[in-house]
$ cat run22.cif   # mmCIF, C-alpha atoms
data_target
loop_
_atom_site.label_atom_id
_atom_site.label_comp_id
_atom_site.auth_asym_id
_atom_site.auth_seq_id
_atom_site.Cartn_x
_atom_site.Cartn_y
_atom_site.Cartn_z
CA MET N 1 6.19 -13.81 10.68
CA ALA N 2 4.62 -10.72 12.24
CA TYR N 3 3.81 -7.56 10.34
CA TRP N 4 6.86 -5.32 10.94
CA ARG N 5 6.46 -2.18 8.82
CA PRO N 6 5.57 0.89 10.89
CA PRO N 7 2.32 2.61 9.94
CA TRP N 8 1.97 6.19 8.76
CA ARG N 9 -0.21 8.42 10.91
CA GLY N 10 -1.50 11.85 9.95
CA PRO N 11 -4.70 13.89 9.58
CA TRP N 12 -6.14 11.12 7.33
CA GLY N 13 -5.75 8.47 10.07
CA THR N 14 -3.23 5.65 10.18
CA THR N 15 -2.34 3.60 7.11
CA TYR N 16 -0.33 0.43 6.73
CA ALA N 17 1.53 -0.66 3.62
CA THR N 18 -0.26 -3.43 1.74
CA ASN N 19 1.50 -6.77 1.57
CA LEU N 20 2.03 -6.77 -2.21
CA ARG N 21 3.08 -10.42 -2.28
CA MET N 22 -0.32 -11.43 -0.93
CA TYR N 23 -2.22 -8.79 -2.92
CA MET N 24 -0.74 -9.67 -6.32
CA GLN N 25 -1.46 -13.38 -5.96
CA SER N 26 -5.15 -12.69 -6.55
CA LEU N 27 -4.68 -10.35 -9.55
CA SER N 28 -4.04 -11.30 -13.15
CA GLU N 29 -1.66 -9.09 -15.09
CA GLU N 30 -4.59 -7.38 -16.84
CA GLN N 31 -6.40 -6.83 -13.54
CA TRP N 32 -3.23 -5.26 -12.11
CA LEU N 33 -2.83 -2.94 -15.10
CA LYS N 34 -6.43 -1.77 -14.76
CA LYS N 35 -6.10 -1.34 -10.98
CA ALA N 36 -2.77 0.52 -11.25
CA LYS N 37 -4.14 3.02 -13.77
CA SER N 38 -7.08 3.90 -11.50
CA LEU N 39 -5.30 3.53 -8.15
CA LYS N 40 -6.20 5.98 -5.38
CA THR N 41 -4.96 5.30 -1.87
CA ARG N 42 -4.44 7.12 1.39
CA PRO N 43 -1.12 8.83 2.11
CA PRO N 44 1.76 8.33 1.99
CA MET N 45 1.41 5.95 -1.01
CA PRO N 46 2.25 7.92 -4.18
CA TRP N 47 -0.68 6.48 -6.17
CA PHE N 48 -0.38 9.30 -8.72
CA THR N 49 3.10 8.02 -9.62
CA VAL N 50 1.84 4.46 -10.10
CA GLN N 51 -0.92 5.77 -12.40
CA GLN N 52 1.71 7.42 -14.63
CA MET N 53 3.88 4.30 -15.03
CA ASN N 54 3.92 2.72 -18.47
CA SER N 55 2.40 -0.71 -19.07
CA ALA N 56 5.77 -2.43 -19.54
CA ASP N 57 6.95 -1.27 -16.11
CA LEU N 58 3.66 -2.25 -14.47
CA ARG N 59 3.84 -5.69 -16.10
CA ALA N 60 7.41 -6.08 -14.81
CA ILE N 61 6.31 -5.18 -11.26
CA HIS N 62 3.48 -7.71 -11.47
CA ALA N 63 5.77 -10.46 -12.78
CA TYR N 64 8.42 -9.80 -10.15
CA ILE N 65 6.02 -9.75 -7.21
CA ARG N 66 4.19 -12.85 -8.45
CA HIS N 67 7.56 -14.59 -8.89
CA LEU N 68 8.29 -14.07 -5.18
CA GLY N 69 5.17 -16.06 -4.26
CA PRO N 70 2.82 -15.42 -1.37
CA GLY N 71 4.46 -14.53 1.87
CA GLY N 72 4.21 -12.61 5.08
CA GLU N 73 1.22 -11.42 7.00
CA PRO N 74 -1.63 -9.19 5.87
CA ALA N 75 -1.36 -5.56 6.83
CA PRO N 76 -3.38 -4.38 9.83
CA ALA N 77 -6.58 -2.51 9.11
CA TYR N 78 -6.76 1.26 8.58
CA VAL N 79 -7.16 3.24 11.82
CA PRO N 80 -9.42 6.34 11.63
CA PRO N 81 -7.97 9.74 12.67
CA ASP N 82 -9.85 9.78 16.00
CA LYS N 83 -8.27 6.47 17.13
CA GLU N 84 -4.74 5.93 18.45
CA PRO N 85 -2.77 3.17 16.71
CA PRO N 86 -0.42 0.96 18.68
CA PRO N 87 3.19 2.21 18.57
CA PRO N 88 5.53 2.45 16.84
CA PHE N 89 4.27 4.65 14.00
CA VAL N 90 5.57 7.46 11.81
CA GLN N 91 3.74 10.69 12.71
CA PHE N 92 3.09 13.29 10.02
CA PRO N 93 2.36 16.81 11.21
CA GLY N 94 -1.17 18.09 11.00
CA PRO N 95 -2.14 20.97 8.74
CA PRO N 96 -1.26 24.47 10.00
CA LYS N 97 -3.93 26.10 12.12
#

$ encode --input "run22.cif" --output "structure tokens"
Amino acid sequence: MAYWRPPWRGPWGTTYATNLRMYMQSLSEEQWLKKAKSLKTRPPMPWFTVQQMNSADLRAIHAYIRHLGPGGEPAPAYVPPDKEPPPPFVQFPGPPK
């Protein structure tokens, strides 16, 4: 199965959504809680919202994703702002000049 989610491109570069099914397989529940509370990612991921979630909700997310099992393909690597990603991608406008 190929990676199908379009990336997000903006002034920060181009980011791809992490495959959570693969990511969570390597994290214990406690590791996930610690990671979620200190999470900082590139846009458009709302990491600040994840940090504010309560432990019960974070545990439920971990349990659900782990229940699904590993699957899919890893996300492509981050592309710096000076490089053009392969299409298609979602383009965010740059800051006003």

$ residues_around --input "run22.cif" --residues "Thr49 of chain N" --least-positions-apart "5" --cutoff "12 Å" --atoms "all atoms listed in the file" --output "CSV table (one decimal) with C-alpha atoms, in the frame of the given file"
chain,number,residue,atom,x,y,z
N,36,ALA,CA,-2.8,0.5,-11.2
N,37,LYS,CA,-4.1,3.0,-13.8
N,38,SER,CA,-7.1,3.9,-11.5
N,39,LEU,CA,-5.3,3.5,-8.2
N,40,LYS,CA,-6.2,6.0,-5.4
N,41,THR,CA,-5.0,5.3,-1.9
N,44,PRO,CA,1.8,8.3,2.0
N,54,ASN,CA,3.9,2.7,-18.5
N,57,ASP,CA,7.0,-1.3,-16.1
N,58,LEU,CA,3.7,-2.2,-14.5

$ resolve_selection --input "run22.cif" --expression "the PyMOL selection byres ((chain N and resi 5) around 12)" --output "PyMOL selection string"
chain N and resi 1-4+6-8+15-19+72-76+87-90

$ write_last_selection --input "run22.cif" --atoms "C-alpha atoms" --output "PDB file, keeping the file's coordinate frame"
ATOM      1  CA  MET N   1       6.190 -13.810  10.680  1.00  0.00           C
ATOM      2  CA  ALA N   2       4.620 -10.720  12.240  1.00  0.00           C
ATOM      3  CA  TYR N   3       3.810  -7.560  10.340  1.00  0.00           C
ATOM      4  CA  TRP N   4       6.860  -5.320  10.940  1.00  0.00           C
ATOM      5  CA  PRO N   6       5.570   0.890  10.890  1.00  0.00           C
ATOM      6  CA  PRO N   7       2.320   2.610   9.940  1.00  0.00           C
ATOM      7  CA  TRP N   8       1.970   6.190   8.760  1.00  0.00           C
ATOM      8  CA  THR N  15      -2.340   3.600   7.110  1.00  0.00           C
ATOM      9  CA  TYR N  16      -0.330   0.430   6.730  1.00  0.00           C
ATOM     10  CA  ALA N  17       1.530  -0.660   3.620  1.00  0.00           C
ATOM     11  CA  THR N  18      -0.260  -3.430   1.740  1.00  0.00           C
ATOM     12  CA  ASN N  19       1.500  -6.770   1.570  1.00  0.00           C
ATOM     13  CA  GLY N  72       4.210 -12.610   5.080  1.00  0.00           C
ATOM     14  CA  GLU N  73       1.220 -11.420   7.000  1.00  0.00           C
ATOM     15  CA  PRO N  74      -1.630  -9.190   5.870  1.00  0.00           C
ATOM     16  CA  ALA N  75      -1.360  -5.560   6.830  1.00  0.00           C
ATOM     17  CA  PRO N  76      -3.380  -4.380   9.830  1.00  0.00           C
ATOM     18  CA  PRO N  87       3.190   2.210  18.570  1.00  0.00           C
ATOM     19  CA  PRO N  88       5.530   2.450  16.840  1.00  0.00           C
ATOM     20  CA  PHE N  89       4.270   4.650  14.000  1.00  0.00           C
ATOM     21  CA  VAL N  90       5.570   7.460  11.810  1.00  0.00           C
TER      22      VAL N  90
END

$ closest_residue --input "run22.cif" --among "N:Pro85, N:Phe92, N:Arg66, N:Trp12" --to "Gln25 of chain N" --atoms "all atoms listed in the file"
N:Arg66

$ resolve_selection --input "run22.cif" --expression "the PyMOL selection byres ((chain N and resi 79) around 9)" --output "PDB file with C-alpha atoms, in the frame of the given file"
ATOM      1  CA  ARG N   9      -0.210   8.420  10.910  1.00  0.00           C
ATOM      2  CA  GLY N  13      -5.750   8.470  10.070  1.00  0.00           C
ATOM      3  CA  THR N  14      -3.230   5.650  10.180  1.00  0.00           C
ATOM      4  CA  THR N  15      -2.340   3.600   7.110  1.00  0.00           C
ATOM      5  CA  TYR N  16      -0.330   0.430   6.730  1.00  0.00           C
ATOM      6  CA  PRO N  76      -3.380  -4.380   9.830  1.00  0.00           C
ATOM      7  CA  ALA N  77      -6.580  -2.510   9.110  1.00  0.00           C
ATOM      8  CA  TYR N  78      -6.760   1.260   8.580  1.00  0.00           C
ATOM      9  CA  PRO N  80      -9.420   6.340  11.630  1.00  0.00           C
ATOM     10  CA  PRO N  81      -7.970   9.740  12.670  1.00  0.00           C
ATOM     11  CA  ASP N  82      -9.850   9.780  16.000  1.00  0.00           C
ATOM     12  CA  LYS N  83      -8.270   6.470  17.130  1.00  0.00           C
ATOM     13  CA  GLU N  84      -4.740   5.930  18.450  1.00  0.00           C
ATOM     14  CA  PRO N  85      -2.770   3.170  16.710  1.00  0.00           C
TER      15      PRO N  85
END

$ atom_distance --input "run22.cif" --atom1 "atom CA of Pro43 of chain N" --atom2 "atom CA of His67 of chain N"
27.3 Å

$ closest_residue --input "run22.cif" --among "N:Met45, N:Met24, N:Leu33, N:Val50" --to "Tyr64 of chain N" --atoms "only C-alpha atoms"
N:Met24

$ atom_distance --input "run22.cif" --atom1 "atom CA of Met22 of chain N" --atom2 "atom CA of Arg59 of chain N"
16.7 Å

$ atom_distance --input "run22.cif" --atom1 "atom CA of Gln91 of chain N" --atom2 "atom CA of Gln52 of chain N"
27.6 Å

$ closest_residue --input "run22.cif" --among "N:Arg21, N:Pro11, N:His62, N:Pro70" --to "Lys35 of chain N" --atoms "all atoms listed in the file"
N:His62

$ build_atoms --input "run22.cif" --residues "segment 24-44 of chain N" --atoms "N, CA and C atoms" --output "short mmCIF file (atom, residue, chain, number, x, y, z; two decimals), in the frame of the given file"
data_model
loop_
_atom_site.label_atom_id
_atom_site.label_comp_id
_atom_site.auth_asym_id
_atom_site.auth_seq_id
_atom_site.Cartn_x
_atom_site.Cartn_y
_atom_site.Cartn_z
N MET N 24 -0.93 -9.34 -4.90
CA MET N 24 -0.74 -9.67 -6.32
C MET N 24 -1.12 -11.10 -6.67
N GLN N 25 -1.13 -11.99 -5.68
CA GLN N 25 -1.46 -13.38 -5.96
C GLN N 25 -2.90 -13.53 -6.47
N SER N 26 -3.75 -12.60 -6.14
CA SER N 26 -5.15 -12.69 -6.55
C SER N 26 -5.46 -11.88 -7.81
N LEU N 27 -4.45 -11.19 -8.37
CA LEU N 27 -4.68 -10.35 -9.55
C LEU N 27 -3.96 -10.90 -10.78
N SER N 28 -4.70 -10.99 -11.88
CA SER N 28 -4.04 -11.30 -13.15
C SER N 28 -3.26 -10.06 -13.58
N GLU N 29 -2.42 -10.24 -14.58
CA GLU N 29 -1.66 -9.09 -15.09
C GLU N 29 -2.61 -8.00 -15.59
N GLU N 30 -3.64 -8.37 -16.32
CA GLU N 30 -4.59 -7.38 -16.84
C GLU N 30 -5.35 -6.69 -15.72
N GLN N 31 -5.72 -7.44 -14.69
CA GLN N 31 -6.40 -6.83 -13.54
C GLN N 31 -5.48 -5.82 -12.84
N TRP N 32 -4.20 -6.17 -12.72
CA TRP N 32 -3.23 -5.26 -12.11
C TRP N 32 -3.08 -3.99 -12.93
N LEU N 33 -2.96 -4.12 -14.25
CA LEU N 33 -2.83 -2.94 -15.10
C LEU N 33 -4.03 -2.01 -14.93
N LYS N 34 -5.21 -2.57 -14.93
CA LYS N 34 -6.43 -1.77 -14.76
C LYS N 34 -6.44 -1.10 -13.38
N LYS N 35 -6.11 -1.86 -12.35
CA LYS N 35 -6.10 -1.34 -10.98
C LYS N 35 -5.06 -0.23 -10.84
N ALA N 36 -3.85 -0.45 -11.37
CA ALA N 36 -2.77 0.52 -11.25
C ALA N 36 -3.12 1.85 -11.92
N LYS N 37 -3.81 1.80 -13.04
CA LYS N 37 -4.14 3.02 -13.77
C LYS N 37 -5.26 3.83 -13.10
N SER N 38 -6.00 3.19 -12.20
CA SER N 38 -7.08 3.90 -11.50
C SER N 38 -6.84 3.96 -9.99
N LEU N 39 -5.63 3.61 -9.57
CA LEU N 39 -5.30 3.53 -8.15
C LEU N 39 -5.47 4.86 -7.43
N LYS N 40 -6.11 4.83 -6.29
CA LYS N 40 -6.20 5.98 -5.38
C LYS N 40 -6.14 5.39 -3.98
N THR N 41 -5.14 5.81 -3.22
CA THR N 41 -4.96 5.30 -1.87
C THR N 41 -4.74 6.44 -0.90
N ARG N 42 -4.74 6.11 0.37
CA ARG N 42 -4.44 7.12 1.39
C ARG N 42 -2.94 7.39 1.42
N PRO N 43 -2.55 8.53 1.97
CA PRO N 43 -1.12 8.83 2.11
C PRO N 43 -0.44 7.75 2.97
N PRO N 44 0.83 7.59 2.83
CA PRO N 44 1.76 8.33 1.99
C PRO N 44 2.00 7.66 0.64
#
